[in-house]
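Enquirer: One file is attached below, entry.pdb, containing PDB, C-alpha atoms.
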ATOM      1  CA  MET X 154      41.762 109.064  98.910
ATOM      2  CA  ASN X 155      42.259 108.581 102.656
ATOM      3  CA  ILE X 156      45.620 109.811 103.847
ATOM      4  CA  GLY X 157      47.583 109.652 107.089
ATOM      5  CA  ILE X 158      50.460 112.026 107.762
ATOM      6  CA  LEU X 159      53.553 111.247 109.823
ATOM      7  CA  LEU X 160      55.514 114.343 110.859
ATOM      8  CA  LYS X 161      58.987 113.739 112.247
ATOM      9  CA  GLU X 162      60.421 117.242 112.715
ATOM     10  CA  GLY X 163      59.783 120.052 115.140
ATOM     11  CA  PRO X 164      58.279 123.403 114.119
ATOM     12  CA  TYR X 165      60.315 126.384 112.837
ATOM     13  CA  ASN X 166      63.664 124.577 112.937
ATOM     14  CA  HIS X 167      62.715 122.548 109.912
ATOM     15  CA  GLN X 168      60.333 123.183 107.029
ATOM     16  CA  ALA X 169      58.715 119.738 107.319
ATOM     17  CA  ALA X 170      55.926 121.036 109.590
ATOM     18  CA  ASP X 171      55.069 123.766 107.076
ATOM     19  CA  THR X 172      55.184 121.391 104.112
ATOM     20  CA  ALA X 173      53.018 118.818 105.888
ATOM     21  CA  TYR X 174      50.440 121.499 106.719
ATOM     22  CA  LYS X 175      50.406 122.870 103.170
ATOM     23  CA  PHE X 176      50.083 119.338 101.839
ATOM     24  CA  ALA X 177      47.134 118.600 104.143
ATOM     25  CA  GLU X 178      45.425 121.852 103.167
ATOM     26  CA  ALA X 179      45.879 121.181  99.439
ATOM     27  CA  ALA X 180      44.736 117.552  99.727
ATOM     28  CA  ILE X 181      41.549 118.547 101.579
ATOM     29  CA  LYS X 182      40.871 121.228  98.968
ATOM     30  CA  LYS X 183      41.102 118.544  96.284
ATOM     31  CA  GLY X 184      38.509 116.433  98.106
ATOM     32  CA  HIS X 185      40.819 113.942  99.832
ATOM     33  CA  THR X 186      40.422 113.011 103.476
ATOM     34  CA  ILE X 187      43.250 113.522 105.932
ATOM     35  CA  ASP X 188      42.593 110.973 108.652
ATOM     36  CA  ALA X 189      45.277 112.045 111.100
ATOM     37  CA  VAL X 190      48.551 113.843 111.628
ATOM     38  CA  PHE X 191      50.842 111.747 113.821
ATOM     39  CA  PHE X 192      53.717 113.604 115.499
ATOM     40  CA  TYR X 193      56.884 111.584 116.078
ATOM     41  CA  ASN X 194      60.521 112.315 116.968
ATOM     42  CA  ASP X 195      60.869 116.104 117.499
ATOM     43  CA  GLY X 196      57.576 116.361 115.599
ATOM     44  CA  VAL X 197      55.785 116.116 118.967
ATOM     45  CA  ILE X 198      56.871 119.709 119.661
ATOM     46  CA  ASN X 199      54.272 120.740 117.068
ATOM     47  CA  ALA X 200      51.653 119.751 119.622
ATOM     48  CA  THR X 201      52.445 122.292 122.330
ATOM     49  CA  LYS X 202      50.216 125.324 122.627
ATOM     50  CA  LEU X 203      52.962 127.104 124.598
ATOM     51  CA  MET X 204      54.776 128.180 121.452
ATOM     52  CA  ASP X 205      54.531 131.939 121.013
ATOM     53  CA  PRO X 206      56.137 133.148 117.779
ATOM     54  CA  PRO X 207      56.320 136.840 116.789
ATOM     55  CA  GLN X 208      52.995 138.151 115.492
ATOM     56  CA  ASP X 209      54.190 138.511 111.906
ATOM     57  CA  ASP X 210      55.153 134.827 111.771
ATOM     58  CA  ARG X 211      52.866 131.850 111.239
ATOM     59  CA  HIS X 212      51.639 130.102 114.395
ATOM     60  CA  ILE X 213      52.294 126.461 113.654
ATOM     61  CA  ALA X 214      50.420 124.978 116.628
ATOM     62  CA  SER X 215      47.335 127.045 115.783
ATOM     63  CA  ARG X 216      47.479 125.719 112.235
ATOM     64  CA  TRP X 217      47.230 122.145 113.515
ATOM     65  CA  ALA X 218      44.401 123.043 115.911
ATOM     66  CA  HIS X 219      42.589 124.707 112.993
ATOM     67  CA  LEU X 220      43.017 121.645 110.783
ATOM     68  CA  CYS X 221      41.532 119.521 113.543
ATOM     69  CA  GLN X 222      38.619 121.836 114.378
ATOM     70  CA  GLU X 223      37.663 122.717 110.795
ATOM     71  CA  HIS X 224      38.319 119.436 109.027
ATOM     72  CA  GLY X 225      38.208 116.795 111.756
ATOM     73  CA  VAL X 226      41.830 115.770 111.262
ATOM     74  CA  GLN X 227      43.068 113.929 114.360
ATOM     75  CA  MET X 228      46.204 115.447 115.905
ATOM     76  CA  LEU X 229      48.136 112.678 117.609
ATOM     77  CA  ALA X 230      51.443 112.855 119.471
ATOM     78  CA  CYS X 231      53.390 109.709 120.287
ATOM     79  CA  ILE X 232      53.499 109.257 124.050
ATOM     80  CA  ALA X 233      57.059 107.910 124.252
ATOM     81  CA  ALA X 234      58.426 110.692 122.044
ATOM     82  CA  ALA X 235      56.301 113.308 123.873
ATOM     83  CA  LYS X 236      57.429 112.247 127.348
ATOM     84  CA  ARG X 237      61.090 112.577 126.335
ATOM     85  CA  ARG X 238      60.465 116.133 125.172
ATOM     86  CA  GLY X 239      58.232 117.443 127.945
ATOM     87  CA  ILE X 240      54.984 117.385 126.008
ATOM     88  CA  ASN X 241      52.010 116.310 128.121
ATOM     89  CA  ASP X 242      48.256 116.928 128.344
ATOM     90  CA  ASP X 243      48.832 120.231 130.193
ATOM     91  CA  VAL X 244      50.521 121.852 127.187
ATOM     92  CA  LEU X 245      48.721 120.040 124.377
ATOM     93  CA  ILE X 246      47.002 122.009 121.590
ATOM     94  CA  ASP X 247      43.190 122.079 121.561
ATOM     95  CA  CYS X 248      41.882 118.920 120.003
ATOM     96  CA  GLY X 249      45.259 117.135 120.261
ATOM     97  CA  THR X 250      45.700 113.679 121.789
ATOM     98  CA  ILE X 251      48.691 111.860 123.230
ATOM     99  CA  THR X 252      48.623 108.287 122.058
ATOM    100  CA  GLY X 253      50.746 105.245 121.268
ATOM    101  CA  LEU X 254      52.553 103.958 118.207
ATOM    102  CA  GLY X 255      49.862 101.304 117.873
ATOM    103  CA  ASN X 256      47.584 104.128 116.754
ATOM    104  CA  LEU X 257      50.103 105.021 114.026
ATOM    105  CA  THR X 258      50.085 101.388 112.933
ATOM    106  CA  ASP X 259      46.291 101.494 112.640
ATOM    107  CA  ILE X 260      46.584 104.711 110.609
ATOM    108  CA  ALA X 261      49.077 103.002 108.277
ATOM    109  CA  ILE X 262      46.738 100.032 107.874
ATOM    110  CA  ARG X 263      43.413 101.793 107.363
ATOM    111  CA  ASN X 264      44.449 104.581 104.979
ATOM    112  CA  ASP X 265      45.326 104.466 101.289
ATOM    113  CA  ARG X 266      48.575 106.299 101.991
ATOM    114  CA  LEU X 267      50.814 107.163 104.906
ATOM    115  CA  ILE X 268      52.952 110.137 103.924
ATOM    116  CA  THR X 269      56.047 110.982 105.951
ATOM    117  CA  PHE X 270      57.482 114.485 106.321
ATOM    118  CA  GLY X 271      60.938 115.028 107.787
ATOM    119  CA  ASP X 272      64.598 114.247 107.338
TER     120      ASP X 272
ATOM    121  CA  MET S 157      31.286  80.399 100.014
ATOM    122  CA  GLU S 158      33.965  82.293  98.157
ATOM    123  CA  GLU S 159      32.350  85.588  99.107
ATOM    124  CA  ILE S 160      32.445  84.715 102.784
ATOM    125  CA  GLU S 161      36.129  83.901 102.515
ATOM    126  CA  SER S 162      36.955  87.180 100.832
ATOM    127  CA  GLU S 163      34.987  89.061 103.480
ATOM    128  CA  SER S 164      36.947  87.485 106.278
ATOM    129  CA  CYS S 165      40.142  88.454 104.436
ATOM    130  CA  ASP S 166      39.032  92.083 104.412
ATOM    131  CA  ASP S 167      38.844  92.037 108.178
ATOM    132  CA  GLU S 168      42.505  91.199 108.462
ATOM    133  CA  ILE S 169      44.340  93.544 106.167
ATOM    134  CA  VAL S 170      48.032  92.813 106.000
ATOM    135  CA  LYS S 171      50.051  95.692 104.669
ATOM    136  CA  LYS S 172      53.614  95.646 103.476
ATOM    137  CA  ILE S 173      55.428  98.165 105.647
ATOM    138  CA  MET S 174      59.114  98.918 105.135
ATOM    139  CA  HIS S 175      61.222 100.877 107.614
ATOM    140  CA  VAL S 176      64.292 102.508 106.135
ATOM    141  CA  MET S 177      67.178 103.154 108.509
ATOM    142  CA  ARG S 178      69.411 105.816 107.009
ATOM    143  CA  ALA S 179      71.250 107.501 109.890
ATOM    144  CA  ALA S 180      74.089 106.376 112.141
ATOM    145  CA  PRO S 181      72.786 104.765 115.361
ATOM    146  CA  HIS S 182      74.000 107.671 117.493
ATOM    147  CA  GLY S 183      74.285 111.354 116.693
ATOM    148  CA  THR S 184      70.541 111.685 116.163
ATOM    149  CA  ILE S 185      67.598 109.837 117.690
ATOM    150  CA  TYR S 186      66.151 108.745 114.340
ATOM    151  CA  THR S 187      67.498 105.195 114.447
ATOM    152  CA  TYR S 188      66.557 104.560 118.082
ATOM    153  CA  GLU S 189      63.014 105.920 117.822
ATOM    154  CA  GLY S 190      62.743 104.127 114.489
ATOM    155  CA  LEU S 191      63.546 100.882 116.270
ATOM    156  CA  GLU S 192      60.866 101.641 118.866
ATOM    157  CA  MET S 193      58.366 102.091 116.030
ATOM    158  CA  ILE S 194      59.397  98.793 114.424
ATOM    159  CA  LEU S 195      58.949  96.928 117.717
ATOM    160  CA  ILE S 196      55.407  98.264 118.180
ATOM    161  CA  MET S 197      54.369  97.665 114.558
ATOM    162  CA  ALA S 198      55.741  94.130 114.792
ATOM    163  CA  ALA S 199      52.950  93.324 117.257
ATOM    164  CA  TYR S 200      50.292  94.076 114.621
ATOM    165  CA  ASP S 201      50.852  91.076 112.333
ATOM    166  CA  GLN S 202      51.824  93.159 109.334
ATOM    167  CA  ASP S 203      54.395  92.295 106.674
ATOM    168  CA  ILE S 204      57.279  94.295 108.157
ATOM    169  CA  SER S 205      60.714  94.699 106.608
ATOM    170  CA  VAL S 206      63.689  96.892 107.450
ATOM    171  CA  ALA S 207      66.171  98.286 104.938
ATOM    172  CA  PHE S 208      69.534  99.658 106.064
ATOM    173  CA  ILE S 209      71.089 102.165 103.709
ATOM    174  CA  ASP S 210      73.782 104.860 103.886
ATOM    175  CA  ASP S 211      74.973 105.376 107.502
ATOM    176  CA  GLY S 212      71.996 103.250 108.583
ATOM    177  CA  VAL S 213      74.185 100.171 108.085
ATOM    178  CA  TYR S 214      76.221 101.186 111.153
ATOM    179  CA  ALA S 215      73.187 100.333 113.320
ATOM    180  CA  LEU S 216      74.025  96.662 112.771
ATOM    181  CA  LYS S 217      77.759  96.874 113.366
ATOM    182  CA  LYS S 218      79.248  94.434 115.859
ATOM    183  CA  GLY S 219      81.262  95.601 118.854
ATOM    184  CA  GLN S 220      79.600  98.967 119.536
ATOM    185  CA  ASN S 221      80.413 100.479 122.906
ATOM    186  CA  THR S 222      78.216 103.425 123.895
ATOM    187  CA  GLU S 223      79.563 103.844 127.439
ATOM    188  CA  GLY S 224      81.562 106.952 126.578
ATOM    189  CA  ILE S 225      78.542 108.847 125.240
ATOM    190  CA  GLU S 226      76.283 107.700 128.084
ATOM    191  CA  MET S 227      73.621 106.428 125.725
ATOM    192  CA  LYS S 228      71.873 103.109 125.645
ATOM    193  CA  GLY S 229      73.282 100.734 123.014
ATOM    194  CA  PHE S 230      70.661  98.966 120.906
ATOM    195  CA  ALA S 231      72.526  96.980 118.233
ATOM    196  CA  LYS S 232      71.538  93.838 120.144
ATOM    197  CA  THR S 233      67.861  94.703 119.767
ATOM    198  CA  PHE S 234      68.280  94.925 116.002
ATOM    199  CA  GLY S 235      69.973  91.531 116.252
ATOM    200  CA  ALA S 236      66.946  90.147 118.080
ATOM    201  CA  LEU S 237      64.251  91.412 115.689
ATOM    202  CA  ASP S 238      63.539  87.907 114.424
ATOM    203  CA  GLY S 239      62.181  87.218 117.926
ATOM    204  CA  TYR S 240      59.513  89.815 117.110
ATOM    205  CA  ASP S 241      58.794  88.136 113.755
ATOM    206  CA  VAL S 242      60.663  90.841 111.864
ATOM    207  CA  GLU S 243      62.798  88.657 109.662
ATOM    208  CA  LYS S 244      63.164  90.655 106.475
ATOM    209  CA  LEU S 245      66.314  92.691 106.975
ATOM    210  CA  TYR S 246      67.872  94.158 103.850
ATOM    211  CA  VAL S 247      71.251  95.864 103.663
ATOM    212  CA  ASP S 248      72.417  97.982 100.760
ATOM    213  CA  GLN S 249      75.617  96.462  99.407
ATOM    214  CA  ILE S 250      77.236  99.678  98.198
ATOM    215  CA  SER S 251      76.559 101.389 101.559
ATOM    216  CA  LEU S 252      78.425  98.551 103.299
ATOM    217  CA  GLU S 253      81.314  98.637 100.838
ATOM    218  CA  GLU S 254      81.691 102.406 100.999
ATOM    219  CA  ARG S 255      82.181 102.075 104.766
ATOM    220  CA  GLY S 256      84.669  99.216 104.548
ATOM    221  CA  LEU S 257      82.203  96.759 106.087
ATOM    222  CA  THR S 258      81.264  93.212 105.149
ATOM    223  CA  GLU S 259      78.452  90.913 106.258
ATOM    224  CA  ASP S 260      80.795  89.498 108.942
ATOM    225  CA  ASP S 261      80.829  92.887 110.685
ATOM    226  CA  LEU S 262      77.063  92.777 111.310
ATOM    227  CA  VAL S 263      75.272  91.534 114.442
ATOM    228  CA  VAL S 264      72.605  89.634 112.537
ATOM    229  CA  ASP S 265      72.026  87.662 109.342
ATOM    230  CA  VAL S 266      70.741  89.968 106.639
ATOM    231  CA  GLU S 267      70.006  89.877 102.956
ATOM    232  CA  ILE S 268      72.511  92.006 101.083
ATOM    233  CA  LEU S 269      70.969  93.612  98.017
ATOM    234  CA  SER S 270      71.919  96.141  95.368
ATOM    235  CA  SER S 271      70.420  99.611  95.581
ATOM    236  CA  ALA S 272      68.243  98.776  92.568
ATOM    237  CA  GLU S 273      66.907  95.655  94.288
ATOM    238  CA  ILE S 274      66.067  97.625  97.451
ATOM    239  CA  GLY S 275      64.450 100.267  95.261
ATOM    240  CA  LYS S 276      62.296  97.616  93.638
ATOM    241  CA  LEU S 277      61.234  96.305  97.063
ATOM    242  CA  MET S 278      60.258  99.843  98.055
ATOM    243  CA  THR S 279      57.946 100.127  95.067
ATOM    244  CA  GLU S 280      56.183  96.949  96.222
ATOM    245  CA  GLN S 281      55.380  98.349  99.690
ATOM    246  CA  ASP S 282      52.080  99.824 100.886
ATOM    247  CA  VAL S 283      53.941 102.017 103.356
ATOM    248  CA  VAL S 284      57.571 103.142 103.537
ATOM    249  CA  VAL S 285      58.680 104.960 106.694
ATOM    250  CA  HIS S 286      62.144 106.482 106.715
ATOM    251  CA  HIS S 287      64.042 107.052 109.929
TER     252      HIS S 287
END
Starting from the file, give its structure as structure tokens.

Expert:
Amino acid sequence: MNIGILLKEGPYNHQAADTAYKFAEAAIKKGHTIDAVFFYNDGVINATKLMDPPQDDRHIASRWAHLCQEHGVQMLACIAAAKRRGINDDVLIDCGTITGLGNLTDIAIRNDRLITFGD
Amino acid sequence: MEEIESESCDDEIVKKIMHVMRAAPHGTIYTYEGLEMILIMAAYDQDISVAFIDDGVYALKKGQNTEGIEMKGFAKTFGALDGYDVEKLYVDQISLEERGLTEDDLVVDVEILSSAEIGKLMTEQDVVVHH
């Protein structure tokens, strides 16, 4: 199955980012394809490489970069949401892209499922 | 001939996409950024609908004044969604009643449905995005 993910919450404050990542990992392991992770609302904060959590904690931005580099999952941050929250190309995770909501629409159209994580 | 027709249909997939507004219009950004998403998706010729449930019904309430909180009001934009070919607006009846509202309190004509009816519509969608 081809799956798109929409993530609407920021990292650490909310478990949605962790659940979305675990879901993507498990789906890939089962042979599904994750087409893209689209960050919206505070979810765009997942896309900054500036986050620097304590060493004994998971590094959420690195997880997304890993998913992109190892499994070709696109990491997309909504430009309007990103601009509001100070996320731009200078701080973007490796392999991330800032894009428009039209791209999310295409993801919704071309995949078998669009799965939303967040409140 | 039939095959050619079905091929051309494949090129133009129309998906049923429902947006579910659940939060009050102010207090969090979910409703406003949800509206921004609806406006963009509306340009893609998909079968878009919007369901208003729980505090989401307040997004459509007449007479909102956001001056005091220094935020942009956007009830009027919800009222103008038909101009973007988003005409399927569903409001959960019990959510309205619980908040002492009636259809007359809303900025736009909507279809008022029971929770079960909205639930059934959700099962018919290809995509449901909550806000």

Enquirer: Looking at X:Asn199, X:Thr186, X:Gln168, X:Asn194, which one is nearest to chain S, with distances taken over only C-alpha atoms?

Expert: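 Of the candidates, the smallest distance to chain S is held by X:Asn194.
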
Enquirer: Run the ChimeraX specification (/S :<12) & /X on the file and write out the hits as a PyMOL selection string.

Expert: chain X and resi 156-162+193-196+231-235+237+253-272

Enquirer: Need to verify the contact set: Val247 of chain S, 6 Å, all atoms listed in the file, exclusion of same-chain residues closer than 6 positions in sequence. Can you return it as a list in words?

Expert: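 The residues that qualify are Ala207, Phe208 and Ile268 of chain S.
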
Enquirer: Can those selected residues be exported to a file as a JSON list (two decimals), in the frame of the given file so that it contains C-alpha atoms?

Expert:
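That gives us result.json:
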[["chain", "number", "residue", "atom", "x", "y", "z"],
["S", 207, "ALA", "CA", 66.17, 98.29, 104.94],
["S", 208, "PHE", "CA", 69.53, 99.66, 106.06],
["S", 268, "ILE", "CA", 72.51, 92.01, 101.08]]

Enquirer: Output the residue selection produced by the PyMOL selection byres ((chain S and resi 262) around 10) on the file above, formatted as a VMD selection string.

Expert: chain S and resid 213 to 219 231 235 252 257 to 261 263 to 266

Enquirer: When you draw a straight line from atom CA of Val176 of chain S to atom CA of Asp241 of chain S, how long is it in Å?

Expert: 17.2 Å

Enquirer: Step by step, work through what the PyMOL selection byres ((chain X and resi 229) around 9) selects in the shown file, and finish by giving those residues as a CSV table (one decimal) with C-alpha atoms, in the coordinates of the input.

Expert:
chain,number,residue,atom,x,y,z
X,189,ALA,CA,45.3,112.0,111.1
X,190,VAL,CA,48.6,113.8,111.6
X,191,PHE,CA,50.8,111.7,113.8
X,192,PHE,CA,53.7,113.6,115.5
X,193,TYR,CA,56.9,111.6,116.1
X,197,VAL,CA,55.8,116.1,119.0
X,200,ALA,CA,51.7,119.8,119.6
X,227,GLN,CA,43.1,113.9,114.4
X,228,MET,CA,46.2,115.4,115.9
X,230,ALA,CA,51.4,112.9,119.5
X,231,CYS,CA,53.4,109.7,120.3
X,249,GLY,CA,45.3,117.1,120.3
X,250,THR,CA,45.7,113.7,121.8
X,251,ILE,CA,48.7,111.9,123.2
X,252,THR,CA,48.6,108.3,122.1
X,253,GLY,CA,50.7,105.2,121.3
X,256,ASN,CA,47.6,104.1,116.8
X,257,LEU,CA,50.1,105.0,114.0

Enquirer: With 6 Å added on each side, what axis-aligned box encloses every listed atom of segment 167-178 of chain S? Give the centre and edge lengths in Å to one decimal, as JSON.

Expert:
{"center_x": 54.1, "center_y": 98.5, "center_z": 106.0, "size_x": 42.6, "size_y": 26.6, "size_z": 17.0}
